[in-house]
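Asker: Got a structure for you, coords.tsv, holding TSV, C-alpha atoms and all ligand atoms.
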chain	number	residue	atom	x	y	z
A	582	MET	CA	18.88	-46.55	-27.83
A	583	PRO	CA	21.52	-49.18	-27.05
A	584	VAL	CA	24.69	-47.84	-25.52
A	585	THR	CA	27.68	-48.83	-27.65
A	586	THR	CA	30.55	-49.38	-25.25
A	587	THR	CA	33.54	-49.76	-27.55
A	588	GLU	CA	35.95	-47.43	-25.76
A	589	GLY	CA	35.99	-49.03	-22.31
A	590	LEU	CA	38.35	-51.44	-20.63
A	591	HIS	CA	38.72	-55.13	-21.27
A	592	VAL	CA	38.71	-56.95	-17.94
A	593	ALA	CA	39.56	-60.65	-17.69
A	594	ILE	CA	38.54	-62.49	-14.52
A	595	ILE	CA	39.67	-65.77	-12.97
A	596	MET	CA	36.68	-66.48	-10.72
A	597	ASP	CA	38.22	-68.42	-7.84
A	598	GLY	CA	36.90	-69.28	-4.38
A	599	ASN	CA	33.43	-70.70	-5.01
A	600	GLY	CA	34.21	-73.96	-3.21
A	601	ARG	CA	35.75	-72.27	-0.17
A	602	TRP	CA	32.83	-69.87	0.06
A	603	ALA	CA	30.39	-72.79	0.21
A	604	VAL	CA	32.44	-74.97	2.57
A	605	ALA	CA	32.81	-72.04	5.01
A	606	ARG	CA	29.00	-71.99	5.21
A	607	GLY	CA	28.61	-75.74	5.60
A	608	LEU	CA	27.17	-75.95	2.08
A	609	PRO	CA	28.12	-78.32	-0.78
A	610	ARG	CA	30.71	-76.87	-3.17
A	611	ILE	CA	28.13	-76.63	-5.93
A	612	ALA	CA	26.23	-74.02	-3.88
A	613	GLY	CA	29.31	-71.83	-4.32
A	614	HIS	CA	29.15	-72.23	-8.09
A	615	LYS	CA	25.43	-71.37	-8.08
A	616	ARG	CA	26.14	-68.22	-6.10
A	617	GLY	CA	29.12	-67.55	-8.41
A	618	ALA	CA	26.80	-67.59	-11.44
A	619	ASP	CA	24.54	-65.02	-9.71
A	620	VAL	CA	27.60	-62.80	-9.22
A	621	VAL	CA	28.42	-63.11	-12.94
A	622	HIS	CA	24.90	-61.82	-13.61
A	623	ASP	CA	25.44	-58.76	-11.37
A	624	ILE	CA	28.89	-58.01	-12.81
A	625	VAL	CA	27.65	-58.21	-16.40
A	626	ALA	CA	24.85	-55.78	-15.54
A	627	GLY	CA	27.20	-53.36	-13.71
A	628	ALA	CA	30.29	-53.58	-15.92
A	629	PRO	CA	29.42	-50.87	-18.50
A	630	ALA	CA	28.80	-48.28	-15.76
A	631	ALA	CA	32.19	-49.23	-14.27
A	632	GLY	CA	33.87	-48.33	-17.59
A	633	VAL	CA	34.20	-51.88	-18.88
A	634	SER	CA	33.33	-52.71	-22.49
A	635	ALA	CA	34.63	-56.29	-22.59
A	636	LEU	CA	34.60	-58.96	-19.93
A	637	THR	CA	36.31	-62.33	-20.35
A	638	ILE	CA	35.55	-64.79	-17.55
A	639	PHE	CA	37.12	-68.17	-16.83
A	640	ALA	CA	34.18	-70.50	-16.20
A	641	PHE	CA	35.70	-73.95	-16.87
A	642	SER	CA	39.29	-74.89	-17.66
A	643	THR	CA	40.65	-77.89	-19.52
A	644	GLU	CA	42.13	-78.88	-16.12
A	645	ASN	CA	38.73	-78.73	-14.36
A	646	TRP	CA	37.83	-82.18	-15.82
A	647	ARG	CA	39.99	-83.57	-13.00
A	648	ARG	CA	37.29	-82.61	-10.48
A	649	PRO	CA	34.66	-85.13	-9.32
A	650	LYS	CA	32.21	-85.89	-12.15
A	651	LYS	CA	29.29	-84.59	-10.09
A	652	GLU	CA	30.90	-81.14	-9.77
A	653	VAL	CA	31.94	-81.03	-13.46
A	654	ASP	CA	28.41	-82.00	-14.53
A	655	TYR	CA	26.95	-79.35	-12.25
A	656	ILE	CA	29.14	-76.51	-13.58
A	657	LEU	CA	28.30	-77.40	-17.20
A	658	HIS	CA	24.60	-77.80	-16.34
A	659	LEU	CA	24.71	-74.40	-14.60
A	660	PHE	CA	26.17	-72.85	-17.76
A	661	VAL	CA	23.35	-74.29	-19.92
A	662	LYS	CA	20.61	-73.24	-17.48
A	663	THR	CA	22.10	-69.78	-16.98
A	664	VAL	CA	22.27	-69.20	-20.73
A	665	GLU	CA	18.62	-70.28	-21.12
A	666	VAL	CA	17.31	-68.12	-18.29
A	667	TRP	CA	19.42	-65.02	-18.99
A	668	MET	CA	19.13	-64.95	-22.77
A	669	PRO	CA	16.27	-62.38	-22.94
A	670	GLU	CA	17.95	-60.18	-20.33
A	671	LEU	CA	21.32	-60.33	-22.10
A	672	VAL	CA	19.64	-59.30	-25.35
A	673	ALA	CA	17.78	-56.47	-23.56
A	674	GLN	CA	21.16	-55.29	-22.19
A	675	HIS	CA	22.71	-55.54	-25.70
A	676	VAL	CA	25.40	-57.95	-24.48
A	677	ARG	CA	27.28	-59.84	-27.20
A	678	VAL	CA	28.25	-63.27	-25.90
A	679	ARG	CA	31.05	-65.42	-27.28
A	680	ILE	CA	32.40	-68.65	-25.89
A	681	ILE	CA	36.12	-69.37	-26.14
A	682	GLY	CA	37.62	-72.82	-25.65
A	683	ASP	CA	37.60	-76.27	-27.18
A	684	ARG	CA	33.88	-76.66	-27.78
A	685	MET	CA	34.31	-80.00	-29.59
A	686	GLY	CA	35.20	-81.53	-26.21
A	687	LEU	CA	31.81	-80.48	-24.77
A	688	SER	CA	28.51	-82.37	-24.91
A	689	ALA	CA	25.94	-81.76	-27.64
A	690	ARG	CA	23.72	-80.06	-25.03
A	691	VAL	CA	26.43	-77.58	-24.05
A	692	GLN	CA	27.36	-76.99	-27.71
A	693	GLY	CA	23.68	-76.30	-28.43
A	694	ALA	CA	23.55	-73.68	-25.65
A	695	ILE	CA	26.73	-72.09	-27.03
A	696	SER	CA	25.33	-71.84	-30.57
A	697	ALA	CA	22.03	-70.45	-29.26
A	698	ILE	CA	23.52	-67.66	-27.15
A	699	GLU	CA	26.16	-66.73	-29.74
A	700	SER	CA	23.74	-66.51	-32.63
A	701	ARG	CA	21.04	-64.72	-30.60
A	702	THR	CA	23.46	-62.01	-29.41
A	703	ALA	CA	25.85	-61.79	-32.40
A	704	GLN	CA	24.52	-58.42	-33.58
A	705	GLU	CA	24.45	-56.77	-30.15
A	706	CYS	CA	26.62	-53.69	-29.72
A	707	GLY	CA	26.96	-53.38	-25.94
A	708	LEU	CA	29.24	-55.24	-23.54
A	709	HIS	CA	31.34	-58.05	-25.04
A	710	LEU	CA	31.01	-61.03	-22.72
A	711	ASN	CA	33.49	-63.80	-23.50
A	712	VAL	CA	33.06	-66.97	-21.48
A	713	ALA	CA	36.03	-69.33	-21.36
A	714	LEU	CA	34.64	-72.87	-21.28
A	715	ASN	CA	36.82	-75.95	-21.66
A	716	TYR	CA	39.54	-73.35	-22.14
A	717	GLY	CA	43.31	-73.66	-21.85
A	718	GLY	CA	45.78	-70.96	-22.89
A	719	ARG	CA	48.35	-73.35	-24.33
A	720	ALA	CA	45.62	-75.24	-26.18
A	721	GLU	CA	44.45	-71.93	-27.67
A	722	ILE	CA	47.95	-71.09	-28.96
A	723	LEU	CA	48.39	-74.62	-30.33
A	724	PHE	CA	45.00	-74.44	-32.07
A	725	ALA	CA	45.97	-71.09	-33.62
A	726	ALA	CA	49.31	-72.49	-34.84
A	727	GLN	CA	47.55	-75.53	-36.36
A	728	SER	CA	44.96	-73.31	-38.08
A	729	PHE	CA	47.71	-71.08	-39.48
A	730	ALA	CA	49.69	-74.12	-40.71
A	731	ALA	CA	46.53	-75.48	-42.38
A	732	ASP	CA	46.02	-72.14	-44.15
A	733	CYS	CA	49.66	-72.24	-45.35
A	734	VAL	CA	49.29	-75.79	-46.68
A	735	ALA	CA	46.06	-74.80	-48.45
A	736	GLY	CA	47.81	-71.80	-50.02
A	737	ARG	CA	45.57	-69.25	-48.30
A	738	THR	CA	48.55	-67.55	-46.63
A	739	GLN	CA	52.31	-67.95	-46.23
A	740	SER	CA	54.67	-67.97	-43.27
A	741	ALA	CA	56.19	-64.57	-44.17
A	742	ALA	CA	52.74	-62.98	-43.74
A	743	LEU	CA	52.59	-63.91	-40.05
A	744	ASP	CA	53.05	-61.11	-37.56
A	745	GLU	CA	51.59	-60.68	-34.05
A	746	GLN	CA	48.42	-59.06	-35.33
A	747	ALA	CA	47.85	-61.77	-37.93
A	748	PHE	CA	48.50	-64.52	-35.37
A	749	GLN	CA	46.04	-62.97	-32.92
A	750	ARG	CA	43.24	-63.42	-35.43
A	751	TYR	CA	43.75	-67.19	-35.21
A	752	LEU	CA	43.19	-67.11	-31.44
A	753	TRP	CA	39.73	-67.73	-30.00
A	754	LEU	CA	39.40	-64.09	-28.86
A	755	GLY	CA	40.11	-62.97	-32.44
A	756	ASP	CA	39.95	-59.22	-32.90
A	757	GLU	CA	38.97	-58.43	-29.30
A	758	LYS	CA	41.49	-55.94	-27.92
A	759	ALA	CA	43.84	-57.48	-25.36
A	760	PRO	CA	42.71	-57.34	-21.70
A	761	ASP	CA	43.81	-54.19	-19.85
A	762	ILE	CA	43.25	-55.85	-16.49
A	763	VAL	CA	43.25	-59.41	-15.22
A	764	VAL	CA	41.66	-60.06	-11.85
A	765	ARG	CA	42.01	-63.26	-9.87
A	766	THR	CA	39.81	-63.63	-6.83
A	767	GLY	CA	40.24	-66.10	-3.98
A	768	ALA	CA	43.66	-65.11	-2.62
A	769	GLU	CA	45.69	-67.16	-5.12
A	770	GLN	CA	48.38	-65.55	-7.27
A	771	ARG	CA	48.53	-67.57	-10.48
A	772	ILE	CA	47.43	-67.17	-14.10
A	773	SER	CA	46.49	-70.87	-14.38
A	774	ASN	CA	46.82	-71.19	-18.16
A	775	PHE	CA	44.36	-68.31	-18.81
A	776	LEU	CA	44.82	-66.11	-21.91
A	777	LEU	CA	48.57	-66.71	-22.07
A	778	TRP	CA	49.04	-64.73	-25.29
A	779	GLU	CA	46.49	-61.99	-24.58
A	780	LEU	CA	47.65	-61.09	-21.03
A	781	ALA	CA	51.17	-60.09	-22.11
A	782	TYR	CA	50.71	-56.46	-21.02
A	783	ALA	CA	47.69	-56.72	-18.72
A	784	GLU	CA	47.78	-55.14	-15.27
A	785	LEU	CA	47.50	-57.88	-12.65
A	786	PHE	CA	45.09	-57.70	-9.70
A	787	PHE	CA	45.03	-60.50	-7.12
A	788	VAL	CA	42.28	-59.98	-4.56
A	789	ASP	CA	41.47	-61.97	-1.43
A	790	THR	CA	37.70	-61.69	-1.99
A	791	LEU	CA	36.15	-65.06	-2.86
A	792	TRP	CA	34.25	-64.90	-6.17
A	793	PRO	CA	30.78	-65.27	-4.54
A	794	ASP	CA	31.53	-62.13	-2.47
A	795	PHE	CA	32.75	-60.09	-5.47
A	796	THR	CA	30.57	-57.07	-6.27
A	797	VAL	CA	30.36	-54.25	-8.81
A	798	ALA	CA	31.90	-52.04	-6.10
A	799	THR	CA	34.92	-54.40	-5.97
A	800	LEU	CA	35.22	-54.13	-9.75
A	801	SER	CA	34.93	-50.33	-9.65
A	802	GLY	CA	37.66	-50.19	-6.98
A	803	ILE	CA	39.97	-52.22	-9.24
A	804	VAL	CA	39.22	-49.95	-12.22
A	805	ASP	CA	39.96	-46.89	-10.05
A	806	GLU	CA	43.31	-48.37	-8.98
A	807	TYR	CA	44.08	-49.33	-12.59
A	808	ARG	CA	43.64	-45.70	-13.61
A	809	THR	CA	46.40	-44.70	-11.17
A	810	ARG	CA	48.86	-47.17	-12.73
A	811	ARG	CA	51.13	-46.11	-15.59
A	812	ARG	CA	51.27	-48.57	-18.45
A	813	ARG	CA	54.54	-48.31	-20.33
A	814	PHE	CA	54.43	-51.33	-22.67
A	815	GLY	CA	58.21	-51.62	-22.32
A	816	GLY	CA	58.88	-47.90	-22.92
A	817	LEU	CA	59.89	-45.25	-20.41
B	1	LIG	C1	36.62	-71.67	-9.21
B	1	LIG	O1	36.31	-71.83	-7.85
B	1	LIG	C2	35.41	-71.66	-10.01
B	1	LIG	C3	35.09	-72.54	-11.01
B	1	LIG	C4	35.99	-73.63	-11.42
B	1	LIG	C5	33.80	-72.48	-11.72
B	1	LIG	C6	33.32	-71.09	-12.09
B	1	LIG	C7	31.93	-71.17	-12.53
B	1	LIG	C8	30.98	-70.25	-12.26
B	1	LIG	C9	31.21	-69.01	-11.53
B	1	LIG	C10	29.56	-70.47	-12.67
B	1	LIG	C11	29.26	-70.72	-14.12
B	1	LIG	C12	29.55	-69.59	-15.02
B	1	LIG	C13	28.67	-68.97	-15.84
B	1	LIG	C14	29.17	-68.12	-16.91
B	1	LIG	C15	27.23	-69.08	-15.68
B	1	LIG	P1	36.81	-73.14	-7.07
B	1	LIG	O2	35.72	-74.17	-7.14
B	1	LIG	O3	38.14	-73.57	-7.60
B	1	LIG	O4	36.93	-72.58	-5.61
B	1	LIG	P2	37.93	-73.07	-4.47
B	1	LIG	O5	39.32	-72.65	-4.89
B	1	LIG	O6	37.46	-72.33	-3.28
B	1	LIG	O7	37.76	-74.56	-4.36
Mind converting the file's structure to structure tokens?
Answerer:
Amino acid sequence: MPVTTTEGLHVAIIMDGNGRWAVARGLPRIAGHKRGADVVHDIVAGAPAAGVSALTIFAFSTENWRRPKKEVDYILHLFVKTVEVWMPELVAQHVRVRIIGDRMGLSARVQGAISAIESRTAQECGLHLNVALNYGGRAEILFAAQSFAADCVAGRTQSAALDEQAFQRYLWLGDEKAPDIVVRTGAEQRISNFLLWELAYAELFFVDTLWPDFTVATLSGIVDEYRTRRRRFGGL
């Protein structure tokens, strides 16, 4: 029987440090991304046992287009290949995959991989895996505002009906509960335009570990520390 993991934590991850991991080993930067994808595989498999029911990972930002074309092409190719190879395993693990970001700015090949994985896993009831691809937090809020305005103009809703909950449904993460935890690996302490609306009350974890060295044990350690923190949401 599939395990329905609806009560766990939502963990968002900024996977940083792939390039440094590779360069430190005398390898091309893309070797770090390849290893980083293998780590995603391990974390997805281990997340439910660590108490996580939703995982949102930052795979490619709207700013990442500024990288050399070869590296950009490799990351997007890696996404397509990974989706192809892991699809049966993700289904067997009952993982529901959604992609968040501006998919219209991606190639037909990448859009095809997105449609395939989303439709194949749409009915799964295990871990929610949200992959941010061509994602920017400000772009997401702008897109939501435009969609809401379009609904107003079309008479489907009106401005007085908009509250935080209603606005959230226009965001790419939709009804997913807000992340409890955001982790950034790679010794940097920035949010980098990730989930600007959704991270309002998330607990922040900045770890020195480079993403290719991140393990399920690292994730479990973060969850353990999270459980010692008191979340007050502005109260006392
Ligand atoms: C940041 O490290 C990492 C990225 C921009 C790419 C992340 C992509 C993956 C882990 C693989 C693809 C994902 C899936 C879902 C299969 P960096 O290159 O900025 O590292 P640096 O700071 O050391 O240069």
Asker: Could you report the residues within 8 Å of ligand LIG 1 (chain B), using all atoms listed in the file, as an MDAnalysis selection string?
Answerer: chainID A and resid 595:603 610 613:622 638:642 645 656:657 659:661 663:664 712 767 791:793
Asker: Do you know which residues are at most 9 Å from segment 690-704 of chain A counting all atoms listed in the file, after dropping those on the same chain fewer than 4 positions away, and could you put them as a list in words?
Answerer: Leu657, His658, Phe660, Val661, Lys662, Val664, Glu665, Met668, Leu671, Val672, His675, Val676, Arg677, Val678, Arg679, Ile680, Arg684 and Met685 of chain A
Asker: If you keep C-alpha atoms, can you produce a file of those selected residues as a short mmCIF file (atom, residue, chain, number, x, y, z; two decimals), in the coordinates of the input?
Answerer:
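Contents of result.cif, freshly written:
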data_model
loop_
_atom_site.label_atom_id
_atom_site.label_comp_id
_atom_site.auth_asym_id
_atom_site.auth_seq_id
_atom_site.Cartn_x
_atom_site.Cartn_y
_atom_site.Cartn_z
CA LEU A 657 28.30 -77.40 -17.20
CA HIS A 658 24.60 -77.80 -16.34
CA PHE A 660 26.17 -72.85 -17.76
CA VAL A 661 23.35 -74.29 -19.92
CA LYS A 662 20.61 -73.24 -17.48
CA VAL A 664 22.27 -69.20 -20.73
CA GLU A 665 18.62 -70.28 -21.12
CA MET A 668 19.13 -64.95 -22.77
CA LEU A 671 21.32 -60.33 -22.10
CA VAL A 672 19.64 -59.30 -25.35
CA HIS A 675 22.71 -55.54 -25.70
CA VAL A 676 25.40 -57.95 -24.48
CA ARG A 677 27.28 -59.84 -27.20
CA VAL A 678 28.25 -63.27 -25.90
CA ARG A 679 31.05 -65.42 -27.28
CA ILE A 680 32.40 -68.65 -25.89
CA ARG A 684 33.88 -76.66 -27.78
CA MET A 685 34.31 -80.00 -29.59
#
Asker: Pick out the closest residue to Glu652 of chain A from this set: A:Gln674, A:Pro609, A:Gly686, A:Arg765. Count all atoms listed in the file.
Answerer: A:Pro609
Asker: Between A:Arg719, A:Val797, A:Val763, A:Lys758, which is the closest to Ala626 of chain A once you count only C-alpha atoms?
Answerer: A:Val797
Asker: What's the 12 Å shell around Ile594 of chain A, counting only C-alpha atoms, without same-chain residues fewer than 2 positions away, as an MDAnalysis selection string?
Answerer: chainID A and resid 591:592 596:597 621 624:625 635:640 710:713 760:767 771:773 775:776 780 783:788 792 795 800 803
Asker: Atom CA of Gly717 of chain A and atom CA of Thr643 of chain A, how far apart in Å?
Answerer: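 Pair atom CA of Thr643 of chain A / atom CA of Gly717 of chain A returns 5.5 Å.
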Asker: Report, in Å to a single decimal, how far apart atom CA of Leu590 of chain A and atom CA of Thr799 of chain A are.
Answerer: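 About the pair atom CA of Thr799 of chain A and atom CA of Leu590 of chain A: they are 15.3 Å apart.
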Asker: Quick one: which segment 761-811 of chain A residues come within 12 Å of segment 732-748 of chain A, and what is the nearest atom pair for each with the distance in Å to one decimal, counting only C-alpha atoms, rows ordered by chain and ascending number, as CSV?
Answerer:
residue,atom,partner,partner_atom,distance
A:Trp778,CA,A:Glu745,CA,10.0
A:Glu779,CA,A:Glu745,CA,10.8
A:Ala781,CA,A:Glu745,CA,12.0
Asker: Pick out the closest residue to Ala798 of chain A from this set: A:Ala628, A:Ala673, A:Leu708, A:Ile611. Count all atoms listed in the file.
Answerer: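 Going through A:Ala628, A:Ala673, A:Leu708, A:Ile611 one by one, the smallest distance to Ala798 of chain A is for A:Ala628.
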Asker: What does the distance from atom CA of Ser801 of chain A to atom CA of Ala593 of chain A come to in Å, to one decimal?
Answerer: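 Between atom CA of Ser801 of chain A and atom CA of Ala593 of chain A the gap is 13.9 Å.
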Asker: Give me the segment 665-689 of chain A side of the contact with segment 721-726 of chain A, cut-off 12 Å, one line per residue showing its nearest atom pair and distance in Å at one decimal, counting all atoms listed in the file, sorted by chain and residue number, as a Markdown table.
Answerer:
| residue | atom | partner | partner_atom | distance |
| --- | --- | --- | --- | --- |
| A:Ile681 | CA | A:Glu721 | CA | 8.8 |
| A:Gly682 | CA | A:Glu721 | CA | 7.2 |
| A:Asp683 | CA | A:Glu721 | CA | 8.1 |
| A:Arg684 | CA | A:Glu721 | CA | 11.6 |
Asker: Which residue out of A:Gly707, A:Gly632, A:Pro649, A:Gly607 has the minimum interatomic distance to Asp805 of chain A when all atoms listed in the file are used?
Answerer: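 Comparing A:Gly707, A:Gly632, A:Pro649, A:Gly607 against Asp805 of chain A, the winner is A:Gly632.
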Asker: Could you tell me which of A:Gly802, A:Tyr751, A:Tyr782, A:Asp756 comes closest to Gly815 of chain A if we count all atoms listed in the file?
Answerer: A:Tyr782
Asker: Regenerate segment 684-695 of chain A at the level of all heavy atoms and dump it as a short mmCIF file (atom, residue, chain, number, x, y, z; two decimals), keeping the file's coordinate frame.
Answerer:
data_model
loop_
_atom_site.label_atom_id
_atom_site.label_comp_id
_atom_site.auth_asym_id
_atom_site.auth_seq_id
_atom_site.Cartn_x
_atom_site.Cartn_y
_atom_site.Cartn_z
N ARG A 684 35.29 -76.28 -27.91
CA ARG A 684 33.88 -76.66 -27.78
C ARG A 684 33.61 -78.08 -28.27
O ARG A 684 32.64 -78.70 -27.88
CB ARG A 684 32.97 -75.64 -28.46
CG ARG A 684 33.24 -75.37 -29.90
CD ARG A 684 32.33 -74.27 -30.40
NE ARG A 684 32.75 -72.94 -29.96
CZ ARG A 684 32.04 -71.83 -30.16
NH1 ARG A 684 30.89 -71.90 -30.77
NH2 ARG A 684 32.48 -70.67 -29.76
N MET A 685 34.52 -78.63 -29.11
CA MET A 685 34.31 -80.00 -29.59
C MET A 685 34.40 -81.01 -28.44
O MET A 685 33.88 -82.11 -28.53
CB MET A 685 35.34 -80.37 -30.67
CG MET A 685 35.15 -79.57 -31.96
SD MET A 685 33.45 -79.71 -32.52
CE MET A 685 33.24 -78.17 -33.36
N GLY A 686 35.07 -80.63 -27.36
CA GLY A 686 35.20 -81.53 -26.21
C GLY A 686 34.01 -81.42 -25.26
O GLY A 686 34.03 -82.02 -24.19
N LEU A 687 32.99 -80.66 -25.63
CA LEU A 687 31.81 -80.48 -24.77
C LEU A 687 30.63 -81.27 -25.32
O LEU A 687 30.59 -81.59 -26.51
CB LEU A 687 31.48 -78.99 -24.68
CG LEU A 687 32.55 -78.14 -23.97
CD1 LEU A 687 32.36 -76.66 -24.26
CD2 LEU A 687 32.54 -78.40 -22.46
N SER A 688 29.67 -81.56 -24.48
CA SER A 688 28.51 -82.37 -24.91
C SER A 688 27.67 -81.62 -25.93
O SER A 688 27.75 -80.38 -26.04
CB SER A 688 27.65 -82.71 -23.69
OG SER A 688 27.00 -81.53 -23.25
N ALA A 689 26.82 -82.37 -26.63
CA ALA A 689 25.94 -81.76 -27.64
C ALA A 689 25.03 -80.72 -26.97
O ALA A 689 24.73 -79.69 -27.56
CB ALA A 689 25.10 -82.85 -28.31
N ARG A 690 24.61 -80.99 -25.74
CA ARG A 690 23.72 -80.06 -25.03
C ARG A 690 24.42 -78.73 -24.77
O ARG A 690 23.87 -77.66 -25.01
CB ARG A 690 23.31 -80.72 -23.70
CG ARG A 690 22.33 -79.90 -22.90
CD ARG A 690 21.74 -80.77 -21.79
NE ARG A 690 20.92 -79.94 -20.92
CZ ARG A 690 21.26 -79.59 -19.68
NH1 ARG A 690 22.40 -80.01 -19.16
NH2 ARG A 690 20.47 -78.84 -18.95
N VAL A 691 25.68 -78.81 -24.32
CA VAL A 691 26.43 -77.58 -24.05
C VAL A 691 26.72 -76.86 -25.37
O VAL A 691 26.58 -75.64 -25.46
CB VAL A 691 27.73 -77.88 -23.26
CG1 VAL A 691 28.53 -76.61 -23.06
CG2 VAL A 691 27.42 -78.55 -21.92
N GLN A 692 27.10 -77.62 -26.39
CA GLN A 692 27.36 -76.99 -27.71
C GLN A 692 26.11 -76.30 -28.26
O GLN A 692 26.19 -75.24 -28.86
CB GLN A 692 27.86 -78.03 -28.72
CG GLN A 692 29.28 -78.49 -28.43
CD GLN A 692 29.84 -79.38 -29.54
OE1 GLN A 692 29.62 -79.13 -30.71
NE2 GLN A 692 30.56 -80.41 -29.16
N GLY A 693 24.94 -76.90 -27.99
CA GLY A 693 23.68 -76.30 -28.43
C GLY A 693 23.44 -74.97 -27.73
O GLY A 693 23.04 -73.98 -28.35
N ALA A 694 23.74 -74.93 -26.42
CA ALA A 694 23.55 -73.68 -25.65
C ALA A 694 24.52 -72.61 -26.15
O ALA A 694 24.17 -71.43 -26.26
CB ALA A 694 23.77 -73.96 -24.16
N ILE A 695 25.72 -73.03 -26.51
CA ILE A 695 26.73 -72.09 -27.03
C ILE A 695 26.24 -71.48 -28.35
O ILE A 695 26.24 -70.27 -28.52
CB ILE A 695 28.10 -72.80 -27.23
CG1 ILE A 695 28.72 -73.16 -25.88
CG2 ILE A 695 29.05 -71.93 -28.04
CD1 ILE A 695 29.98 -74.01 -25.97
#
